[in-house]
file protein-v7.cif (mmCIF, C-alpha atoms and all ligand atoms)
data_run
#
loop_
_atom_site.group_PDB
_atom_site.id
_atom_site.type_symbol
_atom_site.label_atom_id
_atom_site.label_comp_id
_atom_site.auth_asym_id
_atom_site.auth_seq_id
_atom_site.Cartn_x
_atom_site.Cartn_y
_atom_site.Cartn_z
ATOM 1 C CA MET A 1 -17.219 -13.215 -12.675
ATOM 2 C CA ASP A 2 -17.071 -9.607 -13.622
ATOM 3 C CA ARG A 3 -13.751 -9.233 -15.391
ATOM 4 C CA PRO A 4 -12.659 -6.172 -17.328
ATOM 5 C CA THR A 5 -11.545 -6.638 -20.911
ATOM 6 C CA GLY A 6 -9.288 -4.847 -23.379
ATOM 7 C CA ARG A 7 -8.041 -1.521 -22.134
ATOM 8 C CA GLN A 8 -9.560 -2.038 -18.707
ATOM 9 C CA ARG A 9 -7.704 -5.294 -18.302
ATOM 10 C CA LYS A 10 -4.449 -3.617 -19.231
ATOM 11 C CA ASP A 11 -4.959 -0.806 -16.768
ATOM 12 C CA PHE A 12 -5.846 -3.284 -14.076
ATOM 13 C CA VAL A 13 -2.704 -5.316 -14.639
ATOM 14 C CA VAL A 14 -0.477 -2.259 -14.701
ATOM 15 C CA GLU A 15 -1.936 -0.742 -11.571
ATOM 16 C CA VAL A 16 -2.438 -3.604 -9.256
ATOM 17 C CA VAL A 17 0.273 -6.097 -9.577
ATOM 18 C CA ARG A 18 2.832 -6.295 -12.325
ATOM 19 C CA GLY A 19 3.473 -3.290 -14.447
ATOM 20 C CA LYS A 20 6.605 -4.767 -16.007
ATOM 21 C CA GLY A 21 5.412 -5.953 -19.413
ATOM 22 C CA ASP A 22 3.209 -2.957 -19.924
ATOM 23 C CA VAL A 23 5.831 -0.525 -18.793
ATOM 24 C CA ALA A 24 8.163 -1.837 -21.505
ATOM 25 C CA SER A 25 5.559 -1.543 -24.252
ATOM 26 C CA ALA A 26 4.498 1.897 -23.054
ATOM 27 C CA ALA A 27 7.704 3.285 -24.545
ATOM 28 C CA GLU A 28 5.750 3.709 -27.787
ATOM 29 C CA PRO A 29 3.593 6.834 -28.014
ATOM 30 C CA SER A 30 0.400 4.911 -28.843
ATOM 31 C CA SER A 31 0.768 2.864 -25.667
ATOM 32 C CA ILE A 32 1.203 5.985 -23.594
ATOM 33 C CA ILE A 33 -2.269 7.090 -24.681
ATOM 34 C CA ASP A 34 -3.560 3.693 -23.563
ATOM 35 C CA TYR A 35 -1.908 4.290 -20.266
ATOM 36 C CA GLN A 36 -4.416 6.849 -19.024
ATOM 37 C CA PRO A 37 -6.282 5.386 -16.044
ATOM 38 C CA VAL A 38 -9.751 3.983 -16.717
ATOM 39 C CA TRP A 39 -10.814 4.469 -13.106
ATOM 40 C CA THR A 40 -10.263 7.248 -10.603
ATOM 41 C CA TYR A 41 -10.332 7.722 -6.851
ATOM 42 C CA ASP A 42 -13.042 10.352 -7.312
ATOM 43 C CA ASP A 43 -15.461 7.782 -8.699
ATOM 44 C CA GLU A 44 -15.315 4.627 -6.570
ATOM 45 C CA ALA A 45 -18.952 3.823 -7.404
ATOM 46 C CA HIS A 46 -17.944 3.040 -10.991
ATOM 47 C CA TRP A 47 -14.781 1.037 -10.440
ATOM 48 C CA PRO A 48 -14.467 -2.092 -12.603
ATOM 49 C CA GLY A 49 -15.141 -5.268 -10.601
ATOM 50 C CA LEU A 50 -18.381 -6.219 -8.877
ATOM 51 C CA ARG A 51 -16.698 -6.534 -5.485
ATOM 52 C CA CYS A 52 -15.503 -2.956 -5.697
ATOM 53 C CA ARG A 53 -18.974 -1.641 -6.385
ATOM 54 C CA GLU A 54 -21.131 -3.873 -4.226
ATOM 55 C CA GLY A 55 -18.663 -4.848 -1.555
ATOM 56 C CA GLY A 56 -17.605 -8.353 -0.664
ATOM 57 C CA LYS A 57 -17.051 -9.895 2.744
ATOM 58 C CA ARG A 58 -13.554 -8.713 3.466
ATOM 59 C CA GLN A 59 -12.934 -5.499 1.562
ATOM 60 C CA SER A 60 -9.976 -3.241 2.332
ATOM 61 C CA PRO A 61 -8.921 -0.785 3.643
ATOM 62 C CA ILE A 62 -10.487 -0.772 7.101
ATOM 63 C CA ASP A 63 -10.246 1.135 10.323
ATOM 64 C CA ILE A 64 -8.368 -1.077 12.788
ATOM 65 C CA LYS A 65 -9.709 -0.704 16.286
ATOM 66 C CA THR A 66 -6.877 -1.767 18.542
ATOM 67 C CA SER A 67 -9.321 -2.899 21.245
ATOM 68 C CA ASP A 68 -10.764 -5.445 18.754
ATOM 69 C CA VAL A 69 -7.396 -6.839 17.621
ATOM 70 C CA ILE A 70 -6.890 -10.437 18.760
ATOM 71 C CA PRO A 71 -3.450 -11.284 20.190
ATOM 72 C CA ASP A 72 -2.915 -14.638 18.497
ATOM 73 C CA TYR A 73 -1.890 -16.781 21.483
ATOM 74 C CA THR A 74 -3.364 -19.932 19.944
ATOM 75 C CA LYS A 75 -1.704 -19.397 16.543
ATOM 76 C CA GLN A 76 -5.044 -19.317 14.837
ATOM 77 C CA PHE A 77 -3.845 -17.045 12.030
ATOM 78 C CA ILE A 78 -0.167 -16.303 12.718
ATOM 79 C CA LYS A 79 1.075 -19.888 12.503
ATOM 80 C CA TYR A 80 4.474 -19.650 10.841
ATOM 81 C CA GLY A 81 6.822 -17.933 13.290
ATOM 82 C CA PRO A 82 8.581 -14.599 12.763
ATOM 83 C CA LEU A 83 8.294 -12.789 9.420
ATOM 84 C CA GLN A 84 11.317 -13.478 7.235
ATOM 85 C CA PHE A 85 12.334 -10.847 4.679
ATOM 86 C CA THR A 86 15.043 -12.073 2.274
ATOM 87 C CA GLY A 87 16.768 -10.022 -0.418
ATOM 88 C CA TYR A 88 15.332 -6.577 0.427
ATOM 89 C CA HIS A 89 18.724 -4.877 0.810
ATOM 90 C CA LYS A 90 19.510 -4.340 -2.857
ATOM 91 C CA VAL A 91 16.411 -4.468 -4.996
ATOM 92 C CA LEU A 92 16.626 -3.659 -8.704
ATOM 93 C CA VAL A 93 13.473 -1.744 -9.610
ATOM 94 C CA SER A 94 11.924 0.462 -12.268
ATOM 95 C CA GLY A 95 9.812 3.409 -11.173
ATOM 96 C CA ILE A 96 6.646 4.642 -12.825
ATOM 97 C CA ASN A 97 3.934 7.208 -12.257
ATOM 98 C CA ASN A 98 0.897 5.221 -13.440
ATOM 99 C CA GLY A 99 -1.661 7.958 -12.872
ATOM 100 C CA HIS A 100 -2.795 6.492 -9.541
ATOM 101 C CA THR A 101 0.458 6.348 -7.618
ATOM 102 C CA ILE A 102 4.214 6.156 -7.870
ATOM 103 C CA GLN A 103 5.265 2.541 -8.116
ATOM 104 C CA PHE A 104 8.623 0.771 -8.010
ATOM 105 C CA SER A 105 8.417 -2.672 -9.637
ATOM 106 C CA SER A 106 10.967 -5.468 -9.203
ATOM 107 C CA GLU A 107 13.113 -5.843 -12.307
ATOM 108 C CA GLY A 108 15.081 -8.772 -13.683
ATOM 109 C CA GLU A 109 14.616 -12.499 -13.199
ATOM 110 C CA GLU A 110 12.044 -13.549 -10.631
ATOM 111 C CA ALA A 111 14.750 -15.652 -8.972
ATOM 112 C CA ILE A 112 16.435 -12.465 -7.690
ATOM 113 C CA HIS A 113 13.286 -10.750 -6.411
ATOM 114 C CA PRO A 114 12.999 -10.341 -2.633
ATOM 115 C CA VAL A 115 10.871 -12.942 -0.871
ATOM 116 C CA LEU A 116 8.780 -12.966 2.281
ATOM 117 C CA THR A 117 7.435 -15.788 4.411
ATOM 118 C CA GLY A 118 6.504 -16.510 8.030
ATOM 119 C CA GLY A 119 3.988 -14.842 10.313
ATOM 120 C CA PRO A 120 0.554 -15.560 8.777
ATOM 121 C CA LEU A 121 2.160 -16.715 5.499
ATOM 122 C CA LYS A 122 2.287 -20.437 4.820
ATOM 123 C CA TYR A 123 3.959 -19.970 1.423
ATOM 124 C CA LEU A 124 6.823 -17.988 -0.025
ATOM 125 C CA TYR A 125 5.745 -14.620 -1.511
ATOM 126 C CA ARG A 126 7.746 -12.726 -4.131
ATOM 127 C CA LEU A 127 7.902 -8.916 -4.063
ATOM 128 C CA GLU A 128 6.343 -7.520 -7.226
ATOM 129 C CA GLN A 129 6.174 -3.834 -6.445
ATOM 130 C CA LEU A 130 6.092 -1.037 -3.896
ATOM 131 C CA HIS A 131 3.714 1.918 -4.175
ATOM 132 C CA PHE A 132 2.431 4.796 -2.068
ATOM 133 C CA HIS A 133 -0.852 6.226 -0.822
ATOM 134 C CA TRP A 134 -1.221 9.677 0.657
ATOM 135 C CA LEU A 135 -3.077 9.897 3.022
ATOM 136 C CA SER A 136 -2.959 6.345 4.369
ATOM 137 C CA GLU A 137 -5.660 3.875 3.353
ATOM 138 C CA HIS A 138 -5.918 1.991 6.653
ATOM 139 C CA SER A 139 -6.552 3.924 9.820
ATOM 140 C CA ILE A 140 -5.864 3.006 13.437
ATOM 141 C CA ASN A 141 -8.603 3.853 15.929
ATOM 142 C CA GLY A 142 -10.095 6.230 13.378
ATOM 143 C CA VAL A 143 -6.875 8.090 12.730
ATOM 144 C CA LYS A 144 -4.975 8.140 9.458
ATOM 145 C CA TYR A 145 -1.270 8.572 8.844
ATOM 146 C CA PRO A 146 -0.004 11.012 6.191
ATOM 147 C CA MET A 147 1.221 8.106 4.067
ATOM 148 C CA GLU A 148 1.008 4.342 3.608
ATOM 149 C CA LEU A 149 3.536 2.257 1.665
ATOM 150 C CA HIS A 150 2.330 -1.006 0.114
ATOM 151 C CA PHE A 151 4.821 -3.770 -0.658
ATOM 152 C CA VAL A 152 2.809 -6.065 -2.951
ATOM 153 C CA HIS A 153 3.872 -9.736 -2.975
ATOM 154 C CA VAL A 154 2.531 -12.642 -5.019
ATOM 155 C CA ARG A 155 2.604 -16.276 -3.890
ATOM 156 C CA ALA A 156 5.730 -17.660 -5.523
ATOM 157 C CA ASP A 157 4.095 -20.925 -6.619
ATOM 158 C CA LEU A 158 1.287 -19.151 -8.527
ATOM 159 C CA THR A 159 0.955 -16.912 -11.549
ATOM 160 C CA VAL A 160 -0.468 -13.459 -10.843
ATOM 161 C CA TYR A 161 -3.851 -14.453 -12.240
ATOM 162 C CA GLU A 162 -3.985 -17.636 -10.189
ATOM 163 C CA ALA A 163 -3.017 -15.635 -7.119
ATOM 164 C CA LEU A 164 -5.839 -13.135 -7.666
ATOM 165 C CA GLY A 165 -8.315 -15.995 -7.318
ATOM 166 C CA LYS A 166 -6.985 -17.357 -3.998
ATOM 167 C CA ARG A 167 -7.679 -16.000 -0.559
ATOM 168 C CA ASP A 168 -3.965 -16.091 0.236
ATOM 169 C CA GLY A 169 -2.708 -15.341 -3.276
ATOM 170 C CA LEU A 170 -1.159 -11.984 -2.368
ATOM 171 C CA ALA A 171 0.597 -10.624 0.691
ATOM 172 C CA ILE A 172 0.735 -6.854 1.069
ATOM 173 C CA VAL A 173 3.060 -5.439 3.681
ATOM 174 C CA SER A 174 1.921 -2.022 4.755
ATOM 175 C CA VAL A 175 4.151 0.576 6.387
ATOM 176 C CA PHE A 176 2.789 3.905 7.581
ATOM 177 C CA GLY A 177 4.696 7.111 6.869
ATOM 178 C CA ASN A 178 4.748 9.797 9.510
ATOM 179 C CA VAL A 179 5.834 13.399 8.966
ATOM 180 C CA GLN A 180 8.148 15.532 11.063
ATOM 181 C CA ALA A 181 9.685 18.915 10.338
ATOM 182 C CA GLU A 182 13.170 17.552 10.977
ATOM 183 C CA LEU A 183 14.419 14.033 11.352
ATOM 184 C CA ASP A 184 17.118 12.464 13.485
ATOM 185 C CA ASP A 185 19.858 10.556 11.658
ATOM 186 C CA TYR A 186 18.244 7.226 12.436
ATOM 187 C CA GLN A 187 14.998 8.414 10.833
ATOM 188 C CA GLN A 188 16.405 9.096 7.348
ATOM 189 C CA GLU A 189 14.755 5.944 6.000
ATOM 190 C CA ALA A 190 13.106 7.517 2.999
ATOM 191 C CA SER A 191 15.965 9.726 1.746
ATOM 192 C CA GLU A 192 17.439 7.249 -0.771
ATOM 193 C CA MET A 193 14.047 6.488 -2.293
ATOM 194 C CA MET A 194 13.072 10.182 -2.341
ATOM 195 C CA GLN A 195 15.895 10.953 -4.810
ATOM 196 C CA HIS A 196 13.873 9.182 -7.492
ATOM 197 C CA ILE A 197 10.515 10.859 -6.878
ATOM 198 C CA PRO A 198 11.260 14.101 -8.818
ATOM 199 C CA LYS A 199 11.670 11.972 -11.970
ATOM 200 C CA LEU A 200 8.171 10.536 -11.555
ATOM 201 C CA MET A 201 5.962 13.578 -11.117
ATOM 202 C CA LYS A 202 3.718 13.187 -14.192
ATOM 203 C CA THR A 203 1.563 10.284 -15.373
ATOM 204 C CA GLY A 204 3.648 8.057 -17.620
ATOM 205 C CA ASP A 205 7.022 9.242 -16.218
ATOM 206 C CA ARG A 206 9.359 6.344 -15.646
ATOM 207 C CA THR A 207 12.871 5.502 -14.589
ATOM 208 C CA SER A 208 14.662 2.158 -14.654
ATOM 209 C CA GLY A 209 17.749 0.448 -13.282
ATOM 210 C CA VAL A 210 17.205 1.872 -9.795
ATOM 211 C CA LEU A 211 18.780 0.027 -6.876
ATOM 212 C CA LEU A 212 16.825 0.483 -3.632
ATOM 213 C CA ASP A 213 17.585 -0.689 -0.108
ATOM 214 C CA MET A 214 14.017 -1.588 0.818
ATOM 215 C CA THR A 215 14.928 -2.624 4.347
ATOM 216 C CA LYS A 216 15.070 1.111 5.096
ATOM 217 C CA LEU A 217 11.467 1.524 3.996
ATOM 218 C CA LEU A 218 10.202 -1.328 6.151
ATOM 219 C CA SER A 219 9.096 -0.576 9.664
ATOM 220 C CA PRO A 220 11.866 -0.321 12.288
ATOM 221 C CA ASN A 221 9.904 -2.849 14.360
ATOM 222 C CA ARG A 222 8.966 -5.869 12.268
ATOM 223 C CA GLU A 223 7.725 -8.007 15.123
ATOM 224 C CA SER A 224 4.722 -5.866 15.857
ATOM 225 C CA TYR A 225 1.955 -5.782 13.273
ATOM 226 C CA TYR A 226 -1.732 -6.217 12.535
ATOM 227 C CA THR A 227 -2.755 -8.909 10.073
ATOM 228 C CA TYR A 228 -6.023 -9.889 8.444
ATOM 229 C CA SER A 229 -7.498 -11.433 5.302
ATOM 230 C CA GLY A 230 -8.745 -8.669 3.035
ATOM 231 C CA SER A 231 -8.800 -7.333 -0.507
ATOM 232 C CA LEU A 232 -6.942 -5.218 -3.009
ATOM 233 C CA THR A 233 -7.758 -1.551 -2.473
ATOM 234 C CA SER A 234 -7.931 -0.852 -6.202
ATOM 235 C CA PRO A 235 -9.905 -2.547 -9.007
ATOM 236 C CA GLU A 236 -10.918 -5.306 -9.102
ATOM 237 C CA CYS A 237 -10.839 -5.391 -5.307
ATOM 238 C CA ASN A 238 -10.096 -9.162 -5.268
ATOM 239 C CA GLU A 239 -10.380 -10.708 -1.802
ATOM 240 C CA ALA A 240 -6.999 -12.337 -2.251
ATOM 241 C CA VAL A 241 -4.793 -10.428 0.151
ATOM 242 C CA ILE A 242 -3.187 -11.237 3.475
ATOM 243 C CA TRP A 243 -2.469 -7.805 4.918
ATOM 244 C CA ILE A 244 0.496 -7.308 7.248
ATOM 245 C CA ILE A 245 0.351 -3.783 8.656
ATOM 246 C CA PHE A 246 3.230 -2.623 10.837
ATOM 247 C CA ASP A 247 2.256 -0.407 13.723
ATOM 248 C CA SER A 248 5.580 1.487 13.911
ATOM 249 C CA PRO A 249 5.876 4.014 11.065
ATOM 250 C CA ILE A 250 8.855 5.267 9.129
ATOM 251 C CA PHE A 251 9.420 9.025 8.950
ATOM 252 C CA LEU A 252 9.460 11.603 6.194
ATOM 253 C CA THR A 253 10.338 15.263 6.467
ATOM 254 C CA ASP A 254 7.789 17.930 5.817
ATOM 255 C CA ALA A 255 9.645 18.780 2.575
ATOM 256 C CA GLN A 256 9.664 15.165 1.384
ATOM 257 C CA TYR A 257 5.964 14.864 2.046
ATOM 258 C CA ARG A 258 5.196 18.092 0.219
ATOM 259 C CA LEU A 259 6.834 16.627 -2.871
ATOM 260 C CA PHE A 260 4.231 13.846 -2.895
ATOM 261 C CA GLY A 261 1.591 16.563 -2.745
ATOM 262 C CA LYS A 262 2.839 17.762 -6.158
ATOM 263 C CA VAL A 263 2.815 14.326 -7.803
ATOM 264 C CA GLY A 264 0.193 14.273 -10.537
ATOM 265 C CA VAL A 265 -2.287 11.549 -9.579
ATOM 266 C CA GLY A 266 -5.508 13.521 -9.137
ATOM 267 C CA ARG A 267 -6.832 14.941 -5.917
ATOM 268 C CA HIS A 268 -5.959 12.009 -3.672
ATOM 269 C CA ASN A 269 -5.137 8.331 -3.962
ATOM 270 C CA PHE A 270 -6.722 6.327 -1.174
ATOM 271 C CA ARG A 271 -9.823 4.138 -1.300
ATOM 272 C CA SER A 272 -12.465 4.996 1.272
ATOM 273 C CA LEU A 273 -12.698 2.882 4.431
ATOM 274 C CA GLN A 274 -14.764 -0.284 3.961
ATOM 275 C CA LYS A 275 -17.473 -1.667 6.235
ATOM 276 C CA LEU A 276 -16.393 -4.340 8.697
ATOM 277 C CA LYS A 277 -17.999 -7.673 7.779
ATOM 278 C CA HIS A 278 -15.957 -10.883 8.024
ATOM 279 C CA HIS A 279 -12.755 -9.140 8.967
ATOM 280 C CA VAL A 280 -10.788 -10.516 11.909
ATOM 281 C CA VAL A 281 -7.592 -8.674 12.793
ATOM 282 C CA PHE A 282 -4.800 -10.446 14.670
ATOM 283 C CA SER A 283 -1.476 -9.400 16.132
ATOM 284 C CA PRO A 284 1.441 -11.632 17.181
ATOM 285 C CA ALA A 285 0.910 -12.664 20.801
ATOM 286 C CA GLU A 286 4.366 -11.457 21.791
ATOM 287 C CA SER A 287 4.133 -8.022 20.135
ATOM 288 C CA LYS A 288 3.721 -4.817 22.073
ATOM 289 C CA ILE A 289 1.365 -2.865 19.894
ATOM 290 C CA HIS A 290 2.316 0.753 19.554
ATOM 291 C CA ILE A 291 -0.661 3.102 19.632
ATOM 292 C CA PRO A 292 0.053 5.928 17.202
ATOM 293 C CA GLN A 293 0.493 9.500 18.336
ATOM 294 C CA ILE A 294 -0.379 10.964 15.023
ATOM 295 C CA VAL A 295 -3.189 13.271 15.933
ATOM 296 C CA ILE A 296 -0.578 15.752 17.105
ATOM 297 C CA PHE A 297 0.576 16.596 13.631
ATOM 298 C CA PHE A 298 -2.634 15.977 11.738
ATOM 299 C CA GLU A 299 -3.266 19.679 11.513
ATOM 300 C CA ASP A 300 0.119 20.046 9.810
ATOM 301 C CA VAL A 301 -0.882 17.425 7.299
ATOM 302 C CA ILE A 302 -4.015 19.307 6.433
ATOM 303 C CA ARG A 303 -1.953 22.454 5.990
ATOM 304 C CA VAL A 304 0.420 20.672 3.622
ATOM 305 C CA PHE A 305 -2.467 19.417 1.554
ATOM 306 C CA THR A 306 -4.727 22.461 1.512
ATOM 307 C CA ASP A 307 -3.499 23.508 -1.914
ATOM 308 C CA PHE A 308 -4.857 20.510 -3.724
ATOM 309 C CA PHE A 309 -6.629 18.248 -1.300
ATOM 310 C CA ARG A 310 -9.996 19.854 -1.686
ATOM 311 C CA ASN A 311 -12.122 17.073 -0.268
ATOM 312 C CA VAL A 312 -10.346 16.960 3.050
ATOM 313 C CA GLY A 313 -13.386 18.475 4.761
ATOM 314 C CA THR A 314 -15.580 15.565 3.697
ATOM 315 C CA PHE A 315 -12.879 13.177 4.677
ATOM 316 C CA VAL A 316 -12.505 14.555 8.165
ATOM 317 C CA SER A 317 -16.231 14.344 8.756
ATOM 318 C CA ASP A 318 -16.117 10.713 7.574
ATOM 319 C CA GLY A 319 -14.565 9.432 10.721
ATOM 320 C CA LEU A 320 -11.429 11.234 11.709
ATOM 321 C CA PRO A 321 -11.316 12.570 15.201
ATOM 322 C CA THR A 322 -11.501 16.321 15.295
ATOM 323 C CA ARG A 323 -9.552 18.275 17.821
HETATM 324 ZN ZN ZN A 401 -1.920 0.249 -2.350
#
call {"tool": "encode", "arguments": {"input": "protein-v7.cif", "output": "structure tokens"}}
result
Amino acid sequence: MDRPTGRQRKDFVVEVVRGKGDVASAAEPSSIIDYQPVWTYDDEAHWPGLRCREGGKRQSPIDIKTSDVIPDYTKQFIKYGPLQFTGYHKVLVSGINNGHTIQFSSEGEEAIHPVLTGGPLKYLYRLEQLHFHWLSEHSINGVKYPMELHFVHVRADLTVYEALGKRDGLAIVSVFGNVQAELDDYQQEASEMMQHIPKLMKTGDRTSGVLLDMTKLLSPNRESYYTYSGSLTSPECNEAVIWIIFDSPIFLTDAQYRLFGKVGVGRHNFRSLQKLKHHVVFSPAESKIHIPQIVIFFEDVIRVFTDFFRNVGTFVSDGLPTR
């Protein structure tokens, strides 16, 4: 096993799953120095973790081709009924800018953390944290959304480290974020959460005691999703994740999205798309998969990002449809 040690280990723990213990200790100046990322999105070839560098069998993120998605009539993968989200209405969290993303981690006793089960999940999974990628990491039929939210859950009967070694140790719920100039009242899902973003603009910025209604940040249609066995999209890229990716996005305004463009996390914060190997993507048999209409505003997204998103040209030529 290729495991990072010392500072690498710390960075790995902070970024991927927990954050809580390290966030507390980072109040001391010496720890803040330690807090600088040891890996970057500009240098994927040198990420810690063999799977990240050489690729495993089910690395994430991937492009989901809707024509290849298997409606799971025989309950081959989606065996446990409807998804059940419990305790997402009032979630006590602390926010941090960890140099890779903005992250809100569950605070307080594990007993009060939100839990998820059902769908492809045999076990109960506890919400550890929510973080953001802009642009999205997964794409649908070659097209990316402006944003992707990751709700990272750990199997409740395992420690984090045990979970990282099991194929179903983690469950990450993914919600795409779409951008519109103006939103209808029913689309104001992100406004509560957005109030906390200005406090988290620089690496190491943090805020605690935040109460978030996370049901607003979940997709408006939780019966329709893609699901597959994959990996973490940051070091060490453990193939320990059941991905649940909603096809209906939430919405952000142009102004809200621009604020993310000013968050200090380097040029961008998504891992490149991974080759399809042993990936099999399912959807609930009863769901009516919504094919995104995001190409329409993709030019707007590029405009928003032109100031700092200097590699967008490369990115577009890597597989996005051009219009
Ligand atoms: Zn993520």
call {"tool": "residues_near_ligand", "arguments": {"input": "protein-v7.cif", "ligand": "ligand ZN 401 (chain A)", "cutoff": "8 Å", "atoms": "only C-alpha atoms and all ligand atoms", "output": "MDAnalysis selection string"}}
result
chainID A and resid 16 131:133 137 148:150 152 232:234 270
call {"tool": "resolve_selection", "arguments": {"input": "protein-v7.cif", "expression": "the PyMOL selection byres (((chain A and resi 165-171) around 9) and not hetatm)", "output": "ChimeraX atom specification"}}
result
/A:116,121-123,125-127,151-155,158,160-164,172-173,229-232,238-244
call {"tool": "closest_residue", "arguments": {"input": "protein-v7.cif", "among": "A:Leu273, A:Ile250, A:Ile96, A:Leu183", "to": "Pro198 in chain A", "atoms": "only C-alpha atoms"}}
result
A:Ile96
call {"tool": "resolve_selection", "arguments": {"input": "protein-v7.cif", "expression": "the PyMOL selection byres (((chain A and resi 42) around 12) and not hetatm)", "output": "MDAnalysis selection string"}}
result
chainID A and resid 38:41 43:47 100 265:272 309:311
call {"tool": "resolve_selection", "arguments": {"input": "protein-v7.cif", "expression": "the PyMOL selection byres (((chain A and resi 56) around 9) and not hetatm)", "output": "PyMOL selection string"}}
result
chain A and resi 50-55+57-59+231+237-239+277
call {"tool": "closest_residue", "arguments": {"input": "protein-v7.cif", "among": "A:Thr207, A:Ser283, A:Ser136, A:Thr159", "to": "Asp63 in chain A", "atoms": "all atoms listed in the file"}}
result
A:Ser136
call {"tool": "residues_near_point", "arguments": {"input": "protein-v7.cif", "point": "(-6.8, -10.3, 14.2)", "cutoff": "7 Å", "atoms": "all atoms listed in the file", "output": "ChimeraX atom specification"}}
result
/A:69-71,226-228,280-283
call {"tool": "atom_distance", "arguments": {"input": "protein-v7.cif", "atom1": "CA of Lys144 in chain A", "atom2": "CA of Asn178 in chain A"}}
result
9.9 Å
call {"tool": "residues_around", "arguments": {"input": "protein-v7.cif", "residues": "Glu107 in chain A", "least_positions_apart": "2", "cutoff": "7 Å", "atoms": "all atoms listed in the file", "output": "count of residues only"}}
result
5
call {"tool": "closest_residue", "arguments": {"input": "protein-v7.cif", "among": "A:Met194, A:Ile245, A:Leu211, A:Ile78", "to": "Ser106 in chain A", "atoms": "all atoms listed in the file"}}
result
A:Leu211
call {"tool": "atom_distance", "arguments": {"input": "protein-v7.cif", "atom1": "CA of Gly261 in chain A", "atom2": "CA of Met201 in chain A"}}
result
9.9 Å
call {"tool": "closest_residue", "arguments": {"input": "protein-v7.cif", "among": "A:Tyr73, A:Phe251, A:Phe260, A:Phe85", "to": "Asp185 in chain A", "atoms": "all atoms listed in the file"}}
result
A:Phe251
call {"tool": "atom_distance", "arguments": {"input": "protein-v7.cif", "atom1": "CA of Pro220 in chain A", "atom2": "CA of Thr253 in chain A"}}
result
16.7 Å
call {"tool": "closest_residue", "arguments": {"input": "protein-v7.cif", "among": "A:Gly119, A:Gly95, A:Pro146, A:Gly108", "to": "Glu286 in chain A", "atoms": "all atoms listed in the file"}}
result
A:Gly119
call {"tool": "closest_residue", "arguments": {"input": "protein-v7.cif", "among": "A:Pro284, A:Gly177, A:Asp184, A:His279", "to": "Ser248 in chain A", "atoms": "only C-alpha atoms"}}
result
A:Gly177
